[in-house]
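> So here's data-v3.txt (compact mmCIF, C-alpha atoms (C1' of nucleotides)).
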```txt
# COMPACT_ATOMS: atom_id res chain seq x y z
CA MET A 425 -3.90 49.62 -40.91
CA LYS A 426 -0.91 47.40 -40.63
CA SER A 427 -1.90 46.12 -44.04
CA ARG A 428 -0.84 49.45 -45.39
CA TYR A 429 2.68 49.02 -44.14
CA ALA A 430 2.69 45.52 -45.54
CA VAL A 431 1.61 46.56 -49.01
CA ARG A 432 4.21 49.26 -49.20
CA ALA A 433 6.91 46.95 -47.94
CA LEU A 434 5.95 44.26 -50.43
CA THR A 435 6.07 46.76 -53.25
CA GLU A 436 9.57 47.67 -52.20
CA LEU A 437 10.45 44.00 -51.97
CA ALA A 438 9.21 43.42 -55.48
CA ARG A 439 11.33 46.30 -56.73
CA LEU A 440 14.47 44.99 -55.09
CA GLU A 441 13.79 41.51 -56.38
CA ARG A 442 13.44 42.86 -59.87
CA SER A 443 16.82 44.55 -59.78
CA GLN A 444 18.76 41.72 -58.15
CA ALA A 445 17.30 38.53 -59.49
CA GLY A 446 17.77 35.45 -57.35
CA ARG A 447 19.14 37.08 -54.26
CA LEU A 448 17.06 37.19 -51.11
CA VAL A 449 16.10 40.55 -49.69
CA ARG A 450 17.00 41.52 -46.16
CA LEU A 451 14.23 43.02 -44.09
CA SER A 452 16.52 45.70 -42.71
CA GLU A 453 16.96 46.95 -46.25
CA VAL A 454 13.23 47.39 -46.75
CA ALA A 455 12.78 48.93 -43.32
CA GLU A 456 15.44 51.52 -43.98
CA ARG A 457 14.06 52.54 -47.34
CA ARG A 458 10.52 53.01 -46.11
CA GLY A 459 11.30 54.39 -42.69
CA VAL A 460 9.42 51.66 -40.84
CA PRO A 461 10.66 50.25 -37.53
CA LEU A 462 12.44 46.99 -38.28
CA GLN A 463 11.01 44.94 -35.45
CA PHE A 464 7.53 45.83 -36.47
CA LEU A 465 8.20 44.73 -40.03
CA GLU A 466 9.52 41.43 -38.73
CA GLN A 467 6.22 40.83 -37.02
CA VAL A 468 4.29 41.74 -40.15
CA PHE A 469 6.35 39.51 -42.39
CA ALA A 470 6.02 36.59 -40.02
CA ALA A 471 2.27 36.79 -40.55
CA LEU A 472 2.73 37.13 -44.29
CA ARG A 473 4.82 33.99 -44.29
CA ARG A 474 2.18 32.06 -42.38
CA GLY A 475 -0.33 33.29 -44.94
CA GLY A 476 1.80 31.98 -47.78
CA VAL A 477 2.47 35.38 -49.32
CA VAL A 478 6.23 35.33 -48.90
CA ARG A 479 8.90 32.74 -48.33
CA SER A 480 11.98 33.11 -46.18
CA ARG A 481 15.32 31.61 -45.44
CA ARG A 482 17.26 32.44 -42.36
CA GLY A 483 20.88 32.66 -41.46
CA ALA A 484 23.56 34.73 -43.05
CA SER A 485 22.60 35.95 -46.49
CA GLY A 486 19.05 34.91 -45.76
CA GLY A 487 16.00 37.03 -46.34
CA TYR A 488 12.57 37.17 -47.88
CA THR A 489 11.14 36.63 -51.32
CA LEU A 490 7.66 36.70 -52.79
CA ALA A 491 6.10 33.25 -52.81
CA ARG A 492 4.53 33.92 -56.20
CA PRO A 493 5.28 36.43 -58.96
CA ALA A 494 4.32 40.01 -58.13
CA ASP A 495 1.52 39.97 -60.68
CA GLU A 496 -0.12 37.00 -59.01
CA THR A 497 0.04 38.38 -55.51
CA THR A 498 -3.10 40.35 -54.78
CA VAL A 499 -3.68 42.96 -52.14
CA LEU A 500 -6.50 40.81 -50.82
CA ASP A 501 -4.03 38.04 -50.08
CA VAL A 502 -2.09 40.48 -47.96
CA VAL A 503 -5.08 41.79 -46.07
CA VAL A 504 -6.37 38.31 -45.36
CA ALA A 505 -3.00 37.14 -44.11
CA LEU A 506 -2.78 40.06 -41.68
CA ASP A 507 -6.17 41.14 -40.47
CA GLY A 508 -8.08 38.03 -41.35
CA VAL A 509 -10.83 38.09 -43.93
CA PRO A 510 -12.63 41.41 -43.71
CA ALA A 511 -16.03 40.57 -42.26
CA PRO A 512 -18.35 43.54 -41.84
CA ALA A 513 -21.22 41.10 -42.28
CA GLU A 514 -21.10 38.80 -39.34
CA CYS A 515 -24.44 37.12 -39.41
CA GLY A 516 -25.34 34.21 -37.19
CA GLN A 517 -23.72 35.64 -34.13
CA GLY A 518 -25.22 37.61 -31.31
CA PRO A 519 -26.89 40.64 -32.82
CA CYS A 520 -28.69 38.85 -35.62
CA ASP A 521 -31.49 36.88 -34.05
CA GLN A 522 -35.04 36.08 -35.02
CA ILE A 523 -36.27 39.62 -34.68
CA ASP A 524 -34.73 41.10 -37.77
CA ARG A 525 -34.56 38.56 -40.50
CA CYS A 526 -31.23 39.49 -41.98
CA GLY A 527 -32.87 41.89 -44.39
CA ALA A 528 -30.81 44.74 -43.01
CA SER A 529 -27.63 42.70 -43.17
CA SER A 530 -27.65 42.43 -46.93
CA VAL A 531 -26.04 45.83 -47.34
CA TRP A 532 -23.02 44.86 -45.34
CA ILE A 533 -22.60 41.73 -47.36
CA GLU A 534 -22.74 43.66 -50.60
CA ALA A 535 -20.31 46.22 -49.26
CA GLN A 536 -17.89 43.52 -48.25
CA GLN A 537 -18.05 41.91 -51.65
CA ALA A 538 -17.42 45.22 -53.40
CA LEU A 539 -14.41 45.80 -51.21
CA GLU A 540 -13.00 42.35 -51.76
CA GLY A 541 -13.48 42.79 -55.47
CA VAL A 542 -11.22 45.81 -55.63
CA LEU A 543 -8.60 44.26 -53.40
CA ALA A 544 -8.60 41.03 -55.36
CA GLU A 545 -8.11 42.77 -58.69
CA THR A 546 -5.06 44.74 -57.67
CA THR A 547 -1.68 43.06 -57.51
CA ILE A 548 1.64 44.09 -56.06
CA GLY A 549 2.92 44.25 -59.62
CA ASP A 550 0.28 46.84 -60.48
CA LEU A 551 1.32 48.98 -57.56
CA LEU A 552 4.97 48.76 -58.46
CA ARG A 553 4.22 50.03 -61.95
CA ARG A 554 2.07 52.83 -60.62
CA GLU A 555 4.81 53.89 -58.28
CA ASP A 556 7.33 53.89 -61.10
CA ALA A 557 5.07 56.06 -63.20
CA LEU A 558 4.66 58.58 -60.40
CA GLY A 559 8.35 58.66 -59.67
CA ASP A 560 9.18 59.64 -63.24
CA ALA A 561 6.59 62.30 -63.67
CA ALA A 562 4.89 64.62 -61.27
CA PRO A 563 5.84 66.23 -58.02
CA MET A 564 3.86 64.68 -55.28
CA TYR A 565 0.19 65.37 -55.03
CA HIS A 566 -0.91 64.84 -51.50
CA ILE A 567 -4.46 63.79 -51.90
CA MET B 613 -20.20 48.48 -35.84
CA LYS B 614 -22.61 50.82 -34.17
CA SER B 615 -23.75 51.67 -37.69
CA ARG B 616 -25.32 48.26 -37.85
CA TYR B 617 -27.54 48.94 -34.87
CA ALA B 618 -28.42 52.28 -36.39
CA VAL B 619 -29.47 50.84 -39.73
CA ARG B 620 -31.65 48.24 -38.12
CA ALA B 621 -33.22 50.76 -35.81
CA LEU B 622 -33.91 53.13 -38.67
CA THR B 623 -35.55 50.37 -40.64
CA GLU B 624 -37.81 49.69 -37.72
CA LEU B 625 -38.49 53.40 -37.40
CA ALA B 626 -39.47 53.57 -41.05
CA ARG B 627 -41.87 50.68 -40.55
CA LEU B 628 -43.55 52.27 -37.57
CA GLU B 629 -43.81 55.58 -39.38
CA ARG B 630 -45.46 53.86 -42.29
CA SER B 631 -48.15 52.33 -40.12
CA GLN B 632 -48.90 55.38 -37.99
CA ALA B 633 -48.52 58.36 -40.25
CA GLY B 634 -47.74 61.66 -38.57
CA ARG B 635 -47.08 60.39 -35.09
CA LEU B 636 -43.60 60.54 -33.68
CA VAL B 637 -41.88 57.33 -32.69
CA ARG B 638 -40.55 56.78 -29.19
CA LEU B 639 -37.09 55.30 -28.90
CA SER B 640 -38.17 52.94 -26.20
CA GLU B 641 -40.52 51.37 -28.71
CA VAL B 642 -37.73 50.72 -31.19
CA ALA B 643 -35.38 49.50 -28.48
CA GLU B 644 -37.89 46.98 -27.24
CA ARG B 645 -38.65 45.56 -30.66
CA ARG B 646 -35.02 45.06 -31.61
CA GLY B 647 -33.68 44.10 -28.23
CA VAL B 648 -31.15 46.90 -28.11
CA PRO B 649 -30.31 48.68 -24.86
CA LEU B 650 -32.28 51.90 -24.81
CA GLN B 651 -29.53 54.17 -23.55
CA PHE B 652 -27.24 53.03 -26.25
CA LEU B 653 -29.83 53.83 -28.89
CA GLU B 654 -30.22 57.27 -27.41
CA GLN B 655 -26.57 57.92 -27.97
CA VAL B 656 -26.76 56.61 -31.50
CA PHE B 657 -29.78 58.71 -32.39
CA ALA B 658 -28.23 61.82 -30.95
CA ALA B 659 -25.45 61.42 -33.48
CA LEU B 660 -27.95 60.74 -36.25
CA ARG B 661 -29.74 63.94 -35.40
CA ARG B 662 -26.53 65.96 -35.55
CA GLY B 663 -25.90 64.38 -38.94
CA GLY B 664 -29.28 65.46 -40.20
CA VAL B 665 -30.61 61.95 -40.71
CA VAL B 666 -33.48 62.17 -38.25
CA ARG B 667 -35.41 64.94 -36.57
CA SER B 668 -36.69 64.96 -33.03
CA ARG B 669 -39.07 66.70 -30.74
CA ARG B 670 -38.78 66.31 -27.04
CA GLY B 671 -41.17 66.36 -24.18
CA ALA B 672 -44.26 64.30 -23.71
CA SER B 673 -45.39 62.52 -26.87
CA GLY B 674 -42.14 63.55 -28.45
CA GLY B 675 -39.94 61.21 -30.40
CA TYR B 676 -38.01 60.73 -33.60
CA THR B 677 -38.85 60.82 -37.26
CA LEU B 678 -36.84 60.46 -40.45
CA ALA B 679 -35.66 63.84 -41.71
CA ARG B 680 -36.29 62.76 -45.30
CA PRO B 681 -38.39 60.00 -46.86
CA ALA B 682 -37.03 56.51 -46.36
CA ASP B 683 -36.16 56.19 -50.02
CA GLU B 684 -33.95 59.26 -49.90
CA THR B 685 -32.05 58.24 -46.78
CA THR B 686 -29.00 56.23 -47.76
CA VAL B 687 -26.97 53.90 -45.64
CA LEU B 688 -23.95 56.05 -46.38
CA ASP B 689 -25.64 58.97 -44.67
CA VAL B 690 -25.97 56.84 -41.57
CA VAL B 691 -22.41 55.61 -41.59
CA VAL B 692 -21.03 59.10 -42.10
CA ALA B 693 -23.13 60.50 -39.30
CA LEU B 694 -21.89 57.87 -36.86
CA ASP B 695 -18.35 56.83 -37.65
CA GLY B 696 -17.38 59.79 -39.75
CA VAL B 697 -16.57 59.37 -43.40
CA PRO B 698 -14.82 56.05 -43.89
CA ALA B 699 -11.22 56.94 -44.67
CA PRO B 700 -8.97 53.94 -45.27
CA ALA B 701 -6.90 56.22 -47.48
CA GLU B 702 -5.44 58.83 -45.22
CA CYS B 703 -2.74 60.38 -47.27
CA GLY B 704 -0.83 63.47 -46.23
CA GLN B 705 -0.40 62.37 -42.67
CA GLY B 706 2.45 60.58 -41.01
CA PRO B 707 2.97 57.36 -42.91
CA CYS B 708 2.89 58.82 -46.40
CA ASP B 709 6.06 60.81 -46.87
CA GLN B 710 8.39 61.39 -49.77
CA ILE B 711 9.66 57.86 -49.88
CA ASP B 712 6.64 56.19 -51.37
CA ARG B 713 4.89 58.51 -53.73
CA CYS B 714 1.33 57.54 -53.01
CA GLY B 715 1.46 54.86 -55.66
CA ALA B 716 0.67 52.24 -53.08
CA SER B 717 -2.12 54.31 -51.61
CA SER B 718 -4.21 54.21 -54.75
CA VAL B 719 -5.67 50.83 -53.84
CA TRP B 720 -7.07 52.08 -50.58
CA ILE B 721 -8.65 55.01 -52.32
CA GLU B 722 -10.29 52.76 -54.89
CA ALA B 723 -11.48 50.42 -52.16
CA GLN B 724 -13.00 53.29 -50.27
CA GLN B 725 -14.83 54.52 -53.35
CA ALA B 726 -16.22 51.08 -54.11
CA LEU B 727 -17.50 50.81 -50.58
CA GLU B 728 -19.07 54.23 -50.60
CA GLY B 729 -20.72 53.39 -53.88
CA VAL B 730 -22.60 50.45 -52.44
CA LEU B 731 -23.58 52.29 -49.31
CA ALA B 732 -24.78 55.32 -51.23
CA GLU B 733 -27.00 53.27 -53.51
CA THR B 734 -28.90 51.52 -50.75
CA THR B 735 -31.65 53.33 -48.90
CA ILE B 736 -33.54 52.59 -45.75
CA GLY B 737 -36.60 52.10 -47.92
CA ASP B 738 -34.85 49.34 -49.83
CA LEU B 739 -34.00 47.54 -46.62
CA LEU B 740 -37.51 47.80 -45.32
CA ARG B 741 -38.85 46.16 -48.48
CA ARG B 742 -36.23 43.44 -48.29
CA GLU B 743 -37.16 42.73 -44.73
CA ASP B 744 -40.82 42.52 -45.61
CA ALA B 745 -40.09 40.08 -48.39
CA LEU B 746 -38.12 37.84 -46.06
CA GLY B 747 -40.78 37.98 -43.42
CA ASP B 748 -43.43 36.71 -45.79
CA ALA B 749 -41.50 33.93 -47.34
CA ALA B 750 -38.71 31.80 -46.09
CA PRO B 751 -37.64 30.60 -42.71
CA MET B 752 -34.47 32.34 -41.78
CA TYR B 753 -31.32 31.55 -43.58
CA HIS B 754 -28.46 32.37 -41.36
CA ILE B 755 -25.78 33.30 -43.80
C1' DC C 90 33.08 28.70 -34.61
C1' DG C 91 30.76 33.13 -35.25
C1' DA C 92 28.40 36.53 -37.75
C1' DT C 93 24.15 37.29 -39.83
C1' DT C 94 19.61 36.93 -40.43
C1' DC C 95 14.99 35.31 -39.51
C1' DC C 96 11.76 33.74 -35.61
C1' DC C 97 8.86 33.94 -31.57
C1' DG C 98 6.61 35.12 -27.24
C1' DA C 99 5.79 38.33 -23.91
C1' DG C 100 5.24 43.17 -22.48
C1' DT C 101 3.42 48.05 -22.90
C1' DA C 102 1.38 52.23 -23.85
C1' DT C 103 -2.15 54.22 -26.21
C1' DT C 104 -6.31 54.47 -28.43
C1' DC C 105 -10.90 52.96 -29.61
C1' DC C 106 -15.57 50.98 -28.63
C1' DA C 107 -19.83 49.25 -26.52
C1' DG C 108 -22.49 50.21 -23.05
C1' DT C 109 -23.79 52.73 -18.42
C1' DC C 110 -25.10 56.52 -15.20
C1' DA C 111 -26.79 60.63 -13.73
C1' DA C 112 -28.62 64.98 -14.27
C1' DG C 113 -30.57 68.81 -17.23
C1' DA C 114 -33.72 70.70 -20.86
C1' DT C 115 -38.19 70.77 -23.22
C1' DT C 116 -42.80 69.89 -24.07
C1' DA C 117 -47.75 68.06 -23.20
C1' DC C 118 -51.60 68.05 -20.52
C1' DG C 119 -54.56 68.41 -16.67
C1' DC D 292 -48.83 76.28 -12.73
C1' DG D 293 -47.08 71.61 -11.93
C1' DT D 294 -46.03 67.28 -12.94
C1' DA D 295 -44.91 63.56 -15.74
C1' DA D 296 -43.05 62.03 -20.00
C1' DT D 297 -39.53 62.29 -23.14
C1' DC D 298 -35.44 63.70 -25.36
C1' DT D 299 -30.29 65.75 -24.58
C1' DT D 300 -25.91 65.93 -22.91
C1' DG D 301 -21.65 64.69 -21.02
C1' DA D 302 -18.75 62.25 -18.41
C1' DC D 303 -17.26 57.62 -17.23
C1' DT D 304 -15.79 52.74 -17.40
C1' DG D 305 -14.17 48.22 -18.44
C1' DG D 306 -12.46 45.57 -21.97
C1' DA D 307 -10.47 44.86 -26.38
C1' DA D 308 -7.66 45.94 -30.18
C1' DT D 309 -3.63 48.36 -32.12
C1' DA D 310 1.10 49.68 -32.83
C1' DC D 311 4.87 49.01 -31.32
C1' DT D 312 9.24 47.39 -28.28
C1' DC D 313 12.39 43.99 -26.05
C1' DG D 314 15.11 40.10 -25.41
C1' DG D 315 16.41 35.98 -26.48
C1' DG D 316 16.44 31.69 -29.52
C1' DA D 317 17.19 29.06 -33.86
C1' DA D 318 18.94 28.32 -38.46
C1' DT D 319 22.26 29.09 -42.04
C1' DC D 320 26.49 30.57 -44.36
C1' DG D 321 31.38 31.30 -44.69
```
Take the structure I supplied and represent it as structure tokens, if you would.


Amino acid sequence: MKSRYAVRALTELARLERSQAGRLVRLSEVAERRGVPLQFLEQVFAALRRGGVVRSRRGASGGYTLARPADETTVLDVVVALDGVPAPAECGQGPCDQIDRCGASSVWIEAQQALEGVLAETTIGDLLRREDALGDAAPMYHI
Amino acid sequence: MKSRYAVRALTELARLERSQAGRLVRLSEVAERRGVPLQFLEQVFAALRRGGVVRSRRGASGGYTLARPADETTVLDVVVALDGVPAPAECGQGPCDQIDRCGASSVWIEAQQALEGVLAETTIGDLLRREDALGDAAPMYHI
DNA sequence: CGATTCCCGAGTATTCCAGTCAAGATTACG
DNA sequence: CGTAATCTTGACTGGAATACTCGGGAATCG
């Protein structure tokens, strides 16, 4: 949920980085462009920093930058940094005791792996390119 | 979350149905075997009935039965009946306005489709067979 | 120094979820 | 018919998570 904000913000960050190489990007700039409350973004980016997705420098003319190139930063990295690893397959805790022998749990595990697969194969760079393509061409199709 | 209880309960229901053809299954029976609070199961099965997954008859010697054969009842059916269709890709509501043109949203849509794919390909019958296999063979591997 | 920017912890208002309670409706069977 | 068994419904609750907000503190640059 908050991952969605993060992904969009990171895409914007990647775009700004591309146009002004070297310079750090202010959070207020991103917040304004995407219409997200600044103080909420601060909280999100703090978590992203702890997760090693972005790096920061503070003080005047400080800001954020991607820790790795946009094409090596996956959406899964972002989700893990924010919401923790998605675990719809908690086995070994309360509900899974001797009675059912984890046969029913296998679906959730497979589902989780499928989900992680998609998230791990998509990078921020991909999204930036997709956004560029949409911006050039069509009017907006609200799915 | 509550889908997990439902899937396990339905697996148990399928097993009981298999052994006593024709007879309806009491919820209290399922609840006891899986150690789930009865009144919670009632609530879950009410939703399953509205979703067309199970059928019921009330009164003495009433109970529940699968609406379709176990091999034609998918896990996706269950999840949809309980939590509604999983929609990590809400587009057209608040957060997705003109600024980002849904380029970033494509990941969530793909993720959702991958997840639905897995859930739609697994049936209650599959799970029952998996559980049987585990019961025969190994001690329990808590994943 | 002082402006700018990130950083952090606490606070809040709302929403969601697991589980409970109590009473009503329907059927079976004697 | 009457009674017991069983499903059906709806409201309710306590706790957790979520989406923010606020206010101040710390680093860095000019």

> I'd like to know which of A:Ile533, A:Val468, A:Ala557, A:Val477 is closest to chain D, using all atoms listed in the file.

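Looking at the shortest contact to chain D, the residue is A:Val468.
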
> Just want the 8 Å neighbourhood of C:DT115, counted on only C-alpha atoms (C1' of nucleotides), with same-chain residues fewer than 6 positions away dropped. Output as a list in words.

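Contacts, with the query itself left out: Arg670 and Gly671 of chain B; DC298 of chain D.
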
> Mind dumping the selected residues with C-alpha atoms (C1' of nucleotides) as an mmCIF file, keeping the file's coordinate frame?


```cif
data_model
loop_
_atom_site.group_PDB
_atom_site.id
_atom_site.type_symbol
_atom_site.label_atom_id
_atom_site.label_comp_id
_atom_site.auth_asym_id
_atom_site.auth_seq_id
_atom_site.Cartn_x
_atom_site.Cartn_y
_atom_site.Cartn_z
ATOM 1 C CA ARG B 670 -38.780 66.310 -27.040
ATOM 2 C CA GLY B 671 -41.170 66.360 -24.180
ATOM 3 C "C1'" DC D 298 -35.440 63.700 -25.360
#
```

> If you fit chain A onto chain B using every C-alpha atom, paired in order, what RMSD in Å do you get?

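The RMSD between chain A and chain B over C-alpha atoms is 0.1 Å.
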
> Considering all atoms listed in the file, give me a table of residues in chain C that are at most 6 Å from chain A, with the closest atom pair and distance in Å for each, as a Markdown table.


```
| residue | atom | partner | partner_atom | distance |
| --- | --- | --- | --- | --- |
| C:DT93 | C1' | A:Ala484 | CA | 4.2 |
| C:DT94 | C1' | A:Gly483 | CA | 4.6 |
| C:DC95 | C1' | A:Arg482 | CA | 4.6 |
```

> Excluding same-chain residues fewer than 2 positions from stretch 438-441 of chain A, what lies within 8 Å of it counting only C-alpha atoms (C1' of nucleotides), as a ChimeraX atom specification?

/A:434-436,443-449,489-490,494,548-549,552

> With a distance threshold of 8 Å and counting only C-alpha atoms (C1' of nucleotides), extract the residues of chain D near chain B and express them as a list in words.

DA296, DT297, DC298 and DT299 of chain D

> Hey, can you spit out that residue selection with C-alpha atoms (C1' of nucleotides) as a PDB file, in the coordinates of the input?


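File produced: part_4.pdb:
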```
ATOM      1  C1'  DA D 296     -43.050  62.030 -20.000  1.00  0.00           C
ATOM      2  C1'  DT D 297     -39.530  62.290 -23.140  1.00  0.00           C
ATOM      3  C1'  DC D 298     -35.440  63.700 -25.360  1.00  0.00           C
ATOM      4  C1'  DT D 299     -30.290  65.750 -24.580  1.00  0.00           C
TER       5       DT D 299
END
```

> With all atoms listed in the file as the atoms that count, which of A:Val509, A:Leu472, A:Lys426, A:Asp550 lies nearest to A:Val460?

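Answer, going by the shortest atom-to-atom distance: A:Lys426.
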
> Determine the axis-aligned bounding box of all atoms of stretch 107-116 of chain C present in the file, pad each side by 4 Å, and express its centre and edge lengths in Å to one decimal place as AutoDock Vina command-line options.


```
--center_x -31.3 --center_y 60.0 --center_z -20.1 --size_x 31.0 --size_y 29.5 --size_z 20.8
```

> What does the distance from atom CA of B:Arg616 to atom CA of A:Val531 come to in Å, to one decimal?

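Computed distance, atom CA of B:Arg616 to atom CA of A:Val531, equals 9.8 Å.
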
> Please identify all polymer residues lying at most 9 Å from the point (-23.6, 45.2, -52.8) (file coordinates), using only C-alpha atoms (C1' of nucleotides), and present the result as a count of residues only.

15

> If we count all atoms listed in the file and set the cut-off at 12 Å, which residues sit around stretch 97-109 of chain C, ignoring sequence neighbours fewer than 5 positions away in its own chain? Please answer as a ChimeraX atom specification.

/A:463,466-467,470-471 /B:613-614,617,648-656,695 /D:302-317

> Have a look at B:Ala643, B:Ala716, B:Val691, B:Ala618 and name the one nearest to chain A; count all atoms listed in the file.

B:Ala716

> Take atom CA of B:Gly664 and atom CA of B:Arg680 and report the distance between them in Å, one decimal.

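For atom CA of B:Gly664 relative to atom CA of B:Arg680, the distance reads 9.1 Å.
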
> Can you put N, CA and C atoms back into stretch 626-643 of chain B and show it as a PDB file, in the frame of the given file?


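After the write, part-v2.pdb holds the following:
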```
ATOM      1  N   ALA B 626     -38.752  53.348 -39.792  1.00  0.00           N
ATOM      2  CA  ALA B 626     -39.470  53.570 -41.050  1.00  0.00           C
ATOM      3  C   ALA B 626     -40.756  52.745 -41.076  1.00  0.00           C
ATOM      4  N   ARG B 627     -40.673  51.528 -40.568  1.00  0.00           N
ATOM      5  CA  ARG B 627     -41.870  50.680 -40.550  1.00  0.00           C
ATOM      6  C   ARG B 627     -42.950  51.274 -39.676  1.00  0.00           C
ATOM      7  N   LEU B 628     -42.570  51.696 -38.489  1.00  0.00           N
ATOM      8  CA  LEU B 628     -43.550  52.270 -37.570  1.00  0.00           C
ATOM      9  C   LEU B 628     -44.150  53.544 -38.143  1.00  0.00           C
ATOM     10  N   GLU B 629     -43.310  54.348 -38.775  1.00  0.00           N
ATOM     11  CA  GLU B 629     -43.810  55.580 -39.380  1.00  0.00           C
ATOM     12  C   GLU B 629     -44.842  55.272 -40.458  1.00  0.00           C
ATOM     13  N   ARG B 630     -44.561  54.224 -41.196  1.00  0.00           N
ATOM     14  CA  ARG B 630     -45.460  53.860 -42.290  1.00  0.00           C
ATOM     15  C   ARG B 630     -46.839  53.512 -41.750  1.00  0.00           C
ATOM     16  N   SER B 631     -46.852  52.793 -40.613  1.00  0.00           N
ATOM     17  CA  SER B 631     -48.150  52.330 -40.120  1.00  0.00           C
ATOM     18  C   SER B 631     -48.910  53.418 -39.372  1.00  0.00           C
ATOM     19  N   GLN B 632     -48.197  54.328 -38.731  1.00  0.00           N
ATOM     20  CA  GLN B 632     -48.900  55.380 -37.990  1.00  0.00           C
ATOM     21  C   GLN B 632     -48.436  56.737 -38.497  1.00  0.00           C
ATOM     22  N   ALA B 633     -48.993  57.135 -39.607  1.00  0.00           N
ATOM     23  CA  ALA B 633     -48.520  58.360 -40.250  1.00  0.00           C
ATOM     24  C   ALA B 633     -48.660  59.550 -39.302  1.00  0.00           C
ATOM     25  N   GLY B 634     -47.665  60.428 -39.350  1.00  0.00           N
ATOM     26  CA  GLY B 634     -47.740  61.660 -38.570  1.00  0.00           C
ATOM     27  C   GLY B 634     -47.192  61.553 -37.174  1.00  0.00           C
ATOM     28  N   ARG B 635     -47.495  60.458 -36.488  1.00  0.00           N
ATOM     29  CA  ARG B 635     -47.080  60.390 -35.090  1.00  0.00           C
ATOM     30  C   ARG B 635     -45.578  60.197 -34.966  1.00  0.00           C
ATOM     31  N   LEU B 636     -45.022  60.730 -33.929  1.00  0.00           N
ATOM     32  CA  LEU B 636     -43.600  60.540 -33.680  1.00  0.00           C
ATOM     33  C   LEU B 636     -43.381  59.190 -33.008  1.00  0.00           C
ATOM     34  N   VAL B 637     -42.184  58.659 -33.206  1.00  0.00           N
ATOM     35  CA  VAL B 637     -41.880  57.330 -32.690  1.00  0.00           C
ATOM     36  C   VAL B 637     -40.979  57.443 -31.459  1.00  0.00           C
ATOM     37  N   ARG B 638     -41.379  56.783 -30.390  1.00  0.00           N
ATOM     38  CA  ARG B 638     -40.550  56.780 -29.190  1.00  0.00           C
ATOM     39  C   ARG B 638     -39.394  55.805 -29.356  1.00  0.00           C
ATOM     40  N   LEU B 639     -38.252  56.180 -28.826  1.00  0.00           N
ATOM     41  CA  LEU B 639     -37.090  55.300 -28.900  1.00  0.00           C
ATOM     42  C   LEU B 639     -37.304  54.016 -28.137  1.00  0.00           C
ATOM     43  N   SER B 640     -37.981  54.126 -27.018  1.00  0.00           N
ATOM     44  CA  SER B 640     -38.170  52.940 -26.200  1.00  0.00           C
ATOM     45  C   SER B 640     -38.913  51.859 -26.986  1.00  0.00           C
ATOM     46  N   GLU B 641     -39.775  52.317 -27.875  1.00  0.00           N
ATOM     47  CA  GLU B 641     -40.520  51.370 -28.710  1.00  0.00           C
ATOM     48  C   GLU B 641     -39.565  50.597 -29.621  1.00  0.00           C
ATOM     49  N   VAL B 642     -38.704  51.344 -30.293  1.00  0.00           N
ATOM     50  CA  VAL B 642     -37.730  50.720 -31.190  1.00  0.00           C
ATOM     51  C   VAL B 642     -36.811  49.794 -30.407  1.00  0.00           C
ATOM     52  N   ALA B 643     -36.327  50.288 -29.271  1.00  0.00           N
ATOM     53  CA  ALA B 643     -35.380  49.500 -28.480  1.00  0.00           C
ATOM     54  C   ALA B 643     -35.976  48.175 -28.084  1.00  0.00           C
TER      55      ALA B 643
END
```
